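Colleague: If you scroll down you'll find the structure; I have some questions about it.
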Amino acid sequence: MQNKFLIFTRLLLIISITLISISCKKDEPVVQKEAVKPNQFGLFVENLIEVKDTIESGQTLSDILMPHQVSLVKIHELEKAAKNIFPLRNFRADDELHIYASWDSVETVKYFVYTWRNNPVDYVVFDLRDSINIYKKSKPVTITQLEVSGKITNSLSKTLNDKNIPNALSERMEDVYAWQIDFFRLQPTDSFKVIYEQLHVEGEPAGVGKILSANFITGKENHYAFYFDKEKGEQYFDEKGNSLKRLFLKAPLKYSRISSKFSMSRYHPILHRSKAHLGTDYAAPAGTPIMTVGTGVVLEAAYTSGNGNYVKIRHNATYTTQYLHMSRIAKGIRRGVSVTQGQIIGYVGSTGLATGPHVCFRFWKNGRQVNPLREKYQSSGPVSRANKNEFMSEMNEWMKKLEPVESASVTP
């Protein structure tokens, strides 16, 4: 009887302790484990080591991955898998690889990510965990509108650099106004105002987006540009709704200066005598790309002792252009080939009778050489009737923001 009482007492004690324990646990705050978040590339790499490697000139993927215990067989499989997505030959010096690996006595690479030095938005993921999976992705981008205005000091790029504005904006502006403005002949009295998109990734500036509207004043002439995306193949129009596109670009180079103008009498630095110079010389570093100013068909792509490497293009029954002294002619440019406006046809050099790297640009109208800087060309077309009212409404709103063109400001 005594033994039964002891057993019963012990059972009561165990039940009491259990009930107390449960009661205490109910009163304890529940601590939830924080969810694991993906990294900047959308990968879950909490337990992996990360190594960031900058690609060096001449370095191959094997040079980078083999020290991380990736076999040549695996690298060969990677090369085949990447062929139609992002070929390994597209890897460039100064771009970066982010390598993620586990470490269990030996290193095992799980992922690596390719990023561009000048492109903070896009990236390529190489997933090596099971079968190889390669895909391109982009980081979320937020867009704000900025406006900048000023007077030209030395050049457009120098003026914007002095305001800590990235070179990308001057490049965008030169593309928009490629048909209207000769950026090699800007004057200190010229001024501009531009409203554009500023891109942000992870809260940091990530480049320049579209130019939305602009006014560039050269002399006393306003050059308006308004972005409008309702017209097929056209994006920028002036205040009257005419396309900014013209038959010819203002110049065959993006970055250069005019070193010698079209003239009926010029002293030749090599022949040491005065003779007509029926072309416009644009000085630029050797290797600078040369563009055809208009769409057409290549008549000649050859070499002569005077012209050096040159290309001649017929644009229509009226106009022909020629580009002299190239260091080399671009691949695929030969007689009979069709070319489109802005296409690269060669590279600046000093072949033939030339004292330094430049392109001599020659322009024929109805079989006679003329000064292209004095020619005026018709717009490629206006906004369509169906979209004219919408364009004019948008244009009027932008016009209010573009006036006046201030002397120097950068505002959100």
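By order in the structure tokens, chains are A, B, ...; within a chain, residues start at 1; ligands start at 1, following the order shown.
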At a cut-off of 6 Å, using only C-alpha atoms, what residues contact stretch 188-193 of chain A? Leave out same-chain residues fewer than 3 positions from it and give the result as number ranges by chain.
Modeller: A: 148-153, 214-218, 405
Colleague: Skip A:Asn133 itself and residues of its chain fewer than 5 positions away, then list as a list in words all residues within 10 Å of it, counting only C-alpha atoms.
Modeller: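 The contact residues come out as Leu78, Ala81, Ala82, Tyr111, Val125, Phe126, Asp127 and Leu128 of chain A.
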Colleague: For the residues in the current selection, export N, CA and C atoms as a PDB file, in the first residue's frame.
Modeller:
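What landed in selection-v4.pdb:
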ATOM      1  N   LEU A  78      30.834  24.721 -69.466  1.00  0.00           N
ATOM      2  CA  LEU A  78      30.371  26.100 -69.323  1.00  0.00           C
ATOM      3  C   LEU A  78      30.414  26.834 -70.668  1.00  0.00           C
ATOM      4  N   ALA A  81      27.552  25.649 -72.830  1.00  0.00           N
ATOM      5  CA  ALA A  81      26.256  26.080 -72.324  1.00  0.00           C
ATOM      6  C   ALA A  81      26.037  27.580 -72.524  1.00  0.00           C
ATOM      7  N   ALA A  82      27.133  28.361 -72.492  1.00  0.00           N
ATOM      8  CA  ALA A  82      27.023  29.816 -72.587  1.00  0.00           C
ATOM      9  C   ALA A  82      26.967  30.320 -74.023  1.00  0.00           C
ATOM     10  N   TYR A 111      28.102  29.296 -57.739  1.00  0.00           N
ATOM     11  CA  TYR A 111      27.684  30.294 -58.731  1.00  0.00           C
ATOM     12  C   TYR A 111      28.870  31.190 -59.042  1.00  0.00           C
ATOM     13  N   VAL A 125      24.211  35.382 -64.601  1.00  0.00           N
ATOM     14  CA  VAL A 125      24.421  34.386 -63.547  1.00  0.00           C
ATOM     15  C   VAL A 125      24.806  33.044 -64.179  1.00  0.00           C
ATOM     16  N   PHE A 126      25.867  32.432 -63.671  1.00  0.00           N
ATOM     17  CA  PHE A 126      26.293  31.085 -64.058  1.00  0.00           C
ATOM     18  C   PHE A 126      26.067  30.186 -62.838  1.00  0.00           C
ATOM     19  N   ASP A 127      25.050  29.342 -62.907  1.00  0.00           N
ATOM     20  CA  ASP A 127      24.670  28.453 -61.803  1.00  0.00           C
ATOM     21  C   ASP A 127      25.294  27.085 -62.057  1.00  0.00           C
ATOM     22  N   LEU A 128      26.229  26.677 -61.184  1.00  0.00           N
ATOM     23  CA  LEU A 128      26.974  25.422 -61.374  1.00  0.00           C
ATOM     24  C   LEU A 128      26.539  24.340 -60.411  1.00  0.00           C
TER      25      LEU A 128
END
Colleague: What is the distance, in Å and to one decimal place, between atom CA of A:Pro38 and atom CA of A:Lys52?
Modeller: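 Atom CA of A:Lys52 lies at a distance of 17.4 Å from atom CA of A:Pro38.
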Colleague: Using only C-alpha atoms, find each residue in stretch 227-252 of chain A having at least one atom no more than 10 Å away from stretch 342-366 of chain A; report its shortest atom-to-atom pair and that distance in Å (one decimal), rows by chain then rising number, as a Markdown table.
Modeller:
| residue | atom | partner | partner_atom | distance |
| --- | --- | --- | --- | --- |
| A:Phe248 | CA | A:Gly342 | CA | 9.2 |
| A:Leu249 | CA | A:Gly342 | CA | 7.8 |
| A:Ala251 | CA | A:Phe361 | CA | 8.6 |
| A:Pro252 | CA | A:Phe361 | CA | 7.6 |
Colleague: With distances taken over only C-alpha atoms, which residue among A:Val370, A:Ala302, A:Phe41, A:His315 lies nearest A:Gly279?
Modeller: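 Answer, going by the shortest atom-to-atom distance: A:Val370.
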Colleague: I'd like the interatomic distance between atom CA of A:Thr340 and atom CA of A:Gly294, to a tenth of an Å.
Modeller: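 Separation between atom CA of A:Thr340 and atom CA of A:Gly294: 6.4 Å.
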Colleague: Which neighbours of A:Val109 fall inside 10 Å, counting only C-alpha atoms, when residues of the same chain fewer than 3 positions from it are skipped, and could you give them as a VMD selection string?
Modeller: chain A and resid 48 to 50 65 68 to 70 99 to 103 106 112 127 to 129
Colleague: Got time to write the residues from that selection, C-alpha atoms, as a PDB file, in the first residue's frame?
Modeller:
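Printed below is selection_21.pdb as written:
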ATOM      1  CA  LEU A  48      28.829  30.623 -49.085  1.00  0.00           C
ATOM      2  CA  ILE A  49      32.102  32.489 -49.318  1.00  0.00           C
ATOM      3  CA  GLU A  50      32.268  35.350 -51.861  1.00  0.00           C
ATOM      4  CA  LEU A  65      38.230  29.510 -62.151  1.00  0.00           C
ATOM      5  CA  HIS A  68      38.899  27.829 -57.303  1.00  0.00           C
ATOM      6  CA  GLN A  69      39.039  24.079 -58.063  1.00  0.00           C
ATOM      7  CA  VAL A  70      36.840  24.231 -61.184  1.00  0.00           C
ATOM      8  CA  ILE A  99      32.332  33.915 -57.250  1.00  0.00           C
ATOM      9  CA  TYR A 100      30.255  32.085 -54.585  1.00  0.00           C
ATOM     10  CA  ALA A 101      31.585  28.795 -53.199  1.00  0.00           C
ATOM     11  CA  SER A 102      31.115  26.364 -50.317  1.00  0.00           C
ATOM     12  CA  TRP A 103      34.092  25.143 -48.300  1.00  0.00           C
ATOM     13  CA  VAL A 106      37.778  21.646 -50.538  1.00  0.00           C
ATOM     14  CA  PHE A 112      29.588  33.051 -60.389  1.00  0.00           C
ATOM     15  CA  ASP A 127      24.670  28.453 -61.803  1.00  0.00           C
ATOM     16  CA  LEU A 128      26.974  25.422 -61.374  1.00  0.00           C
ATOM     17  CA  ARG A 129      25.101  23.583 -58.603  1.00  0.00           C
TER      18      ARG A 129
END
Colleague: I need the alpha helix (DSSP H) residues of stretch 209-398 of chain A per DSSP on the backbone, written as a PDB file with N, CA and C atoms, in the first residue's frame.
Modeller:
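So the final result, stored in part.pdb, reads:
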ATOM      1  N   ARG A 385      -0.710  62.799 -88.510  1.00  0.00           N
ATOM      2  CA  ARG A 385      -1.935  63.518 -88.137  1.00  0.00           C
ATOM      3  C   ARG A 385      -2.606  62.909 -86.917  1.00  0.00           C
ATOM      4  N   ALA A 386      -2.602  61.579 -86.872  1.00  0.00           N
ATOM      5  CA  ALA A 386      -3.283  60.879 -85.780  1.00  0.00           C
ATOM      6  C   ALA A 386      -2.677  61.223 -84.420  1.00  0.00           C
ATOM      7  N   ASN A 387      -1.367  61.529 -84.386  1.00  0.00           N
ATOM      8  CA  ASN A 387      -0.682  61.789 -83.119  1.00  0.00           C
ATOM      9  C   ASN A 387      -0.350  63.256 -82.895  1.00  0.00           C
ATOM     10  N   LYS A 388      -0.700  64.125 -83.861  1.00  0.00           N
ATOM     11  CA  LYS A 388      -0.252  65.519 -83.800  1.00  0.00           C
ATOM     12  C   LYS A 388      -0.775  66.240 -82.557  1.00  0.00           C
ATOM     13  N   ASN A 389      -2.061  66.089 -82.228  1.00  0.00           N
ATOM     14  CA  ASN A 389      -2.625  66.798 -81.067  1.00  0.00           C
ATOM     15  C   ASN A 389      -1.961  66.352 -79.767  1.00  0.00           C
ATOM     16  N   GLU A 390      -1.745  65.030 -79.643  1.00  0.00           N
ATOM     17  CA  GLU A 390      -1.108  64.516 -78.430  1.00  0.00           C
ATOM     18  C   GLU A 390       0.320  65.044 -78.317  1.00  0.00           C
ATOM     19  N   PHE A 391       1.043  65.051 -79.446  1.00  0.00           N
ATOM     20  CA  PHE A 391       2.412  65.563 -79.431  1.00  0.00           C
ATOM     21  C   PHE A 391       2.436  67.034 -79.029  1.00  0.00           C
ATOM     22  N   MET A 392       1.563  67.851 -79.637  1.00  0.00           N
ATOM     23  CA  MET A 392       1.568  69.281 -79.349  1.00  0.00           C
ATOM     24  C   MET A 392       1.249  69.551 -77.881  1.00  0.00           C
ATOM     25  N   SER A 393       0.355  68.753 -77.307  1.00  0.00           N
ATOM     26  CA  SER A 393       0.010  68.912 -75.898  1.00  0.00           C
ATOM     27  C   SER A 393       1.225  68.623 -75.008  1.00  0.00           C
ATOM     28  N   GLU A 394       1.912  67.512 -75.296  1.00  0.00           N
ATOM     29  CA  GLU A 394       3.108  67.160 -74.521  1.00  0.00           C
ATOM     30  C   GLU A 394       4.203  68.198 -74.723  1.00  0.00           C
ATOM     31  N   MET A 395       4.392  68.623 -75.973  1.00  0.00           N
ATOM     32  CA  MET A 395       5.431  69.581 -76.300  1.00  0.00           C
ATOM     33  C   MET A 395       5.232  70.898 -75.551  1.00  0.00           C
ATOM     34  N   ASN A 396       3.987  71.378 -75.474  1.00  0.00           N
ATOM     35  CA  ASN A 396       3.705  72.639 -74.783  1.00  0.00           C
ATOM     36  C   ASN A 396       4.054  72.568 -73.299  1.00  0.00           C
ATOM     37  N   GLU A 397       3.831  71.400 -72.691  1.00  0.00           N
ATOM     38  CA  GLU A 397       4.180  71.234 -71.283  1.00  0.00           C
ATOM     39  C   GLU A 397       5.694  71.259 -71.090  1.00  0.00           C
ATOM     40  N   TRP A 398       6.417  70.566 -71.979  1.00  0.00           N
ATOM     41  CA  TRP A 398       7.880  70.577 -71.894  1.00  0.00           C
ATOM     42  C   TRP A 398       8.419  71.983 -72.160  1.00  0.00           C
TER      43      TRP A 398
END
Colleague: Restricting the calculation to only C-alpha atoms, which member of A:Val201, A:Ile329, A:Leu169, A:Val51 is positioned closest to A:Thr142?
Modeller: A:Val201
